[in-house]
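Asks: Here's a structure for you.
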Amino acid sequence: MFRLSLWKTLSILGIVFLGFLFALPNVLPDSVLKQMPSFLPNKRVVLGLDLQGGSHLLWEVDKQALIRTLTQQLRGDVRQNLWNENKIRHTISVRKDGALVVTITDPDKVEKAAEILKKLSQPVQVGLFGTGGTAKEIEIAREGNRFILRYSQAGLDARIRRAVEQAIEVIRRRLDELGMTEATIQQQGPERIIVQAPGMKDPATLKKAVGQTARLTFQLLCEAQPTGQPGERVPAGCAEMPDAKNPAMKYWVQTSRRATVEGADLVDAQPAFDSRTGEPIVTFRFNQKGALRFGKLTQKNVGKPFAIVLDGKVVSAPVIQTPILGGSGQISGRFTVEETKLLAIILRSGALPAKLTIVEERTVGPSLGSDSIRAGVMASVIGLVAVLAFMIFTYGFFGIIADIALIANLGMLVGLLTAFQATLTLPGIAGIVLTLGMAVDSNVLVFERIREELRAGRSVLNALETGFSRAFGTILDANITTLIAAVVLYGLGSGPVRGFAVTLGIGIITTVFTAYTLTRLIVAFWVTTARPKTIPI
């Protein structure tokens, strides 16, 4: 035990040194930090919303809007499979409860239609981790030549779950583009998403960046347009859409697929300025598939107006002057410079799979965060001093050794939080304070075991070696059970609970290392240099 090799000694000291090196930027002033060499760690621990202030938004998937979208997609799939591919005549209507009623008007092809419609229903996994077996995504009921299609509850749940997962990824890309790399995005429950942006005082930009669905389409305008006279009816094959800047102004837009190009094929969007007018615009570029469709649409409709539609609102309605065959173009709509930047980011990151609505909105002021930091630091200092004093009072010289390990533990804990850029919250500070109190438990186990061995009449070296070796199993058992609790808290908890679990889990790892390995190294160094006859414990 007391003959540690050089490489083991250097490894232990090197790990402790690296921990303090990563923790150092947190206590250095900005002026000194800027002058440090670039190869040295220069990041500070990320403070959570409750410590530095910012915006907290809770979003919920609009289930009714998602059901309407799914119904429209299902309607398109039915038409594609029955008529476009198999030329089976039919009619489709949508009931108030969202069910799709498909009536086959070709008597000779009813059975064939039944086989085709059954293939539209895909199996979905149900139960926790898919242990509940499978269920049909779409329920199909038949009444003669009529088929009633509706999404099953399991199918809706699967679609909502998929929409939330996709929405989280889209939101993450959008906020990364905005430079909000410290934002926290996580799911809460089956259909809600929490977005926290530390340091953001005004949540308006956050709401606009997250909440905009960003479904972009290019659609031809109908030949007839509203004149504002009462009693006007929207022509068949057209839909009424408001102007994005002036909702009172309406457009009639063609809805057929032949008159529409989806923005899902965009590969890039950038803010720019019109070379002729100097107004802010957004330039865009399609992939090969989108460029081909956009080129055909503009080539066949030169001289006709078409609408650029974003989330069901007409951004602009220019006239097609010449065919746009290169797959690129521009969007103008009386934008400000900031609006073009945000719109370009939203278009680049992709459209949300479903509409999100705000359930909860909260803004935390920076003064409250600074008070929390001050209180947390004060609690940590008081706890640390109390533990240090207790260990010296109880174990004397060995208490000093335990205190050195405890300070190293704190430095390594902060260093790991900084290195991994983990978000430190107020509950996270509570986890640090708890770690400081728990860290000396391992030393207490070792020291009490050494006392027992001395009472049993063992020699100094034998008592030290036996105390460390026999206490190690107990130390591992105690810390592993706590680590399991931290993992469960992180897996099942959210927000502040996760912050507490992160610091507690990292603290347990550093505690085992410093309280046993580092303490043993210090004791080994003392034994080899002082060669004690008695143990001052």
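Residues in the structure tokens are named by chain (A, B, ... in the order shown) and by number from 1 within that chain; ligands are numbered from 1 in the order shown.
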Excluding A:Val124 and any residue of its chain fewer than 6 positions from it, enumerate the residues within 7 Å of it, using only C-alpha atoms, and give them as an mmCIF file with N, CA and C atoms, in the first residue's frame.
Replies:
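To be explicit, this is the file written out as selection38.cif:
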```cif
data_model
loop_
_atom_site.group_PDB
_atom_site.id
_atom_site.type_symbol
_atom_site.label_atom_id
_atom_site.label_comp_id
_atom_site.auth_asym_id
_atom_site.auth_seq_id
_atom_site.Cartn_x
_atom_site.Cartn_y
_atom_site.Cartn_z
ATOM 1 N N THR A 134 -48.202 -4.438 -30.411
ATOM 2 C CA THR A 134 -48.456 -3.477 -31.483
ATOM 3 C C THR A 134 -49.950 -3.237 -31.643
ATOM 4 N N ALA A 135 -50.259 -2.105 -32.261
ATOM 5 C CA ALA A 135 -51.651 -1.770 -32.569
ATOM 6 C C ALA A 135 -51.677 -1.101 -33.937
ATOM 7 N N LYS A 136 -52.849 -1.062 -34.557
ATOM 8 C CA LYS A 136 -52.990 -0.420 -35.852
ATOM 9 C C LYS A 136 -52.978 1.099 -35.692
ATOM 10 N N GLU A 137 -52.207 1.774 -36.559
ATOM 11 C CA GLU A 137 -52.143 3.231 -36.500
ATOM 12 C C GLU A 137 -53.474 3.846 -36.931
ATOM 13 N N GLY A 155 -52.167 5.259 -32.443
ATOM 14 C CA GLY A 155 -51.586 5.947 -33.591
ATOM 15 C C GLY A 155 -51.367 7.419 -33.325
#
```
Asks: May I have the residues within 6 Å of A:Val195 as a PyMOL selection string, using only C-alpha atoms and disregarding those fewer than 6 positions away in the same chain?
Replies: chain A and resi 56-57+184-185
Asks: With N, CA and C atoms retained, write the just-selected residues as a CSV table (one decimal), in the first residue's frame.
Replies:
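Output file again-v3.csv follows:
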```csv
chain,number,residue,atom,x,y,z
A,56,HIS,N,-38.2,31.5,-19.5
A,56,HIS,CA,-38.6,30.1,-19.4
A,56,HIS,C,-40.0,30.0,-20.1
A,57,LEU,N,-40.1,29.1,-21.1
A,57,LEU,CA,-41.3,28.9,-21.8
A,57,LEU,C,-41.7,27.4,-21.8
A,184,THR,N,-31.7,25.4,-22.7
A,184,THR,CA,-32.0,24.1,-22.3
A,184,THR,C,-33.4,23.7,-22.9
A,185,ILE,N,-33.4,22.6,-23.6
A,185,ILE,CA,-34.6,22.1,-24.3
A,185,ILE,C,-34.8,20.7,-23.9
```
Asks: Near A:Leu461, within 10 Å and counting only C-alpha atoms, which residues show up once chain neighbours fewer than 5 positions away are dropped, as a count of residues only?
Replies: 11
Asks: Would you give me, as number ranges by chain, the residues in stretch 111-284 of chain A that DSSP reads as strand (DSSP E or B)?
Replies: A: 123-125, 134-136, 138-143, 146-151, 184-188, 192-198, 216-221, 238-243, 250-254, 260-262, 266-273, 280-284
Asks: From the set A:Val523, A:Leu58, A:Leu504, A:Ala248, which residue has the shortest atom-to-atom contact distance to A:Leu413, counting only C-alpha atoms?
Replies: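 Nearest candidate to A:Leu413 out of A:Val523, A:Leu58, A:Leu504, A:Ala248: A:Leu504.
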Asks: Which is closest to A:Leu21 among A:Gln72, A:Thr91, A:Thr103, A:Asn42, if we use only C-alpha atoms?
Replies: A:Asn42
Asks: Given only C-alpha atoms as the basis, pick out the residue of A:Leu51, A:Val497, A:Ala239, A:Val253 nearest to A:Pro198.
Replies: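 Using only C-alpha atoms, the shortest distance to A:Pro198 belongs to A:Leu51.
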Asks: Could you give me the residues within stretch 35-131 of chain A that DSSP places in alpha helix (DSSP H), as a PyMOL selection string?
Replies: chain A and resi 35+49-52+63-79+110-118
Asks: Write out as a list in words which residues come within 9 Å of A:Gly295 when counting only C-alpha atoms, dropping same-chain ones fewer than 4 positions away.
Replies: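 Residues near the query, excluding close chain neighbours: Gly290, Ala291, Gln299, Lys300, Pro323, Ile324, Leu325, Gly326 and Gly327 of chain A.
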Asks: Kindly indicate which residue among A:Leu342, A:Ile67, A:Ala515, A:Ala375 lies nearest to A:Gln153, using only C-alpha atoms for the distances.
Replies: A:Ile67
Asks: For atom CA of A:Met412 and atom CA of A:Phe20, quote the distance in Å rounded to one decimal.
Replies: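 Interatomic distance here is 6.0 Å.
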Asks: Please provide as a PyMOL selection string all residues within 6 Å of A:Ala197, with the sequence filter that same-chain residues fewer than 2 positions apart are discarded (counting only C-alpha atoms).
Replies: chain A and resi 54-55+183+200
Asks: Could the residues in this selection be written to a file with C-alpha atoms, as a PDB file, in the first residue's frame?
Replies:
```pdb
ATOM      1  CA  GLY A  54     -33.558  34.648 -18.452  1.00  0.00           C
ATOM      2  CA  SER A  55     -36.696  33.291 -20.094  1.00  0.00           C
ATOM      3  CA  ALA A 183     -30.423  27.094 -23.857  1.00  0.00           C
ATOM      4  CA  MET A 200     -32.329  36.359 -22.311  1.00  0.00           C
TER       5      MET A 200
END
```
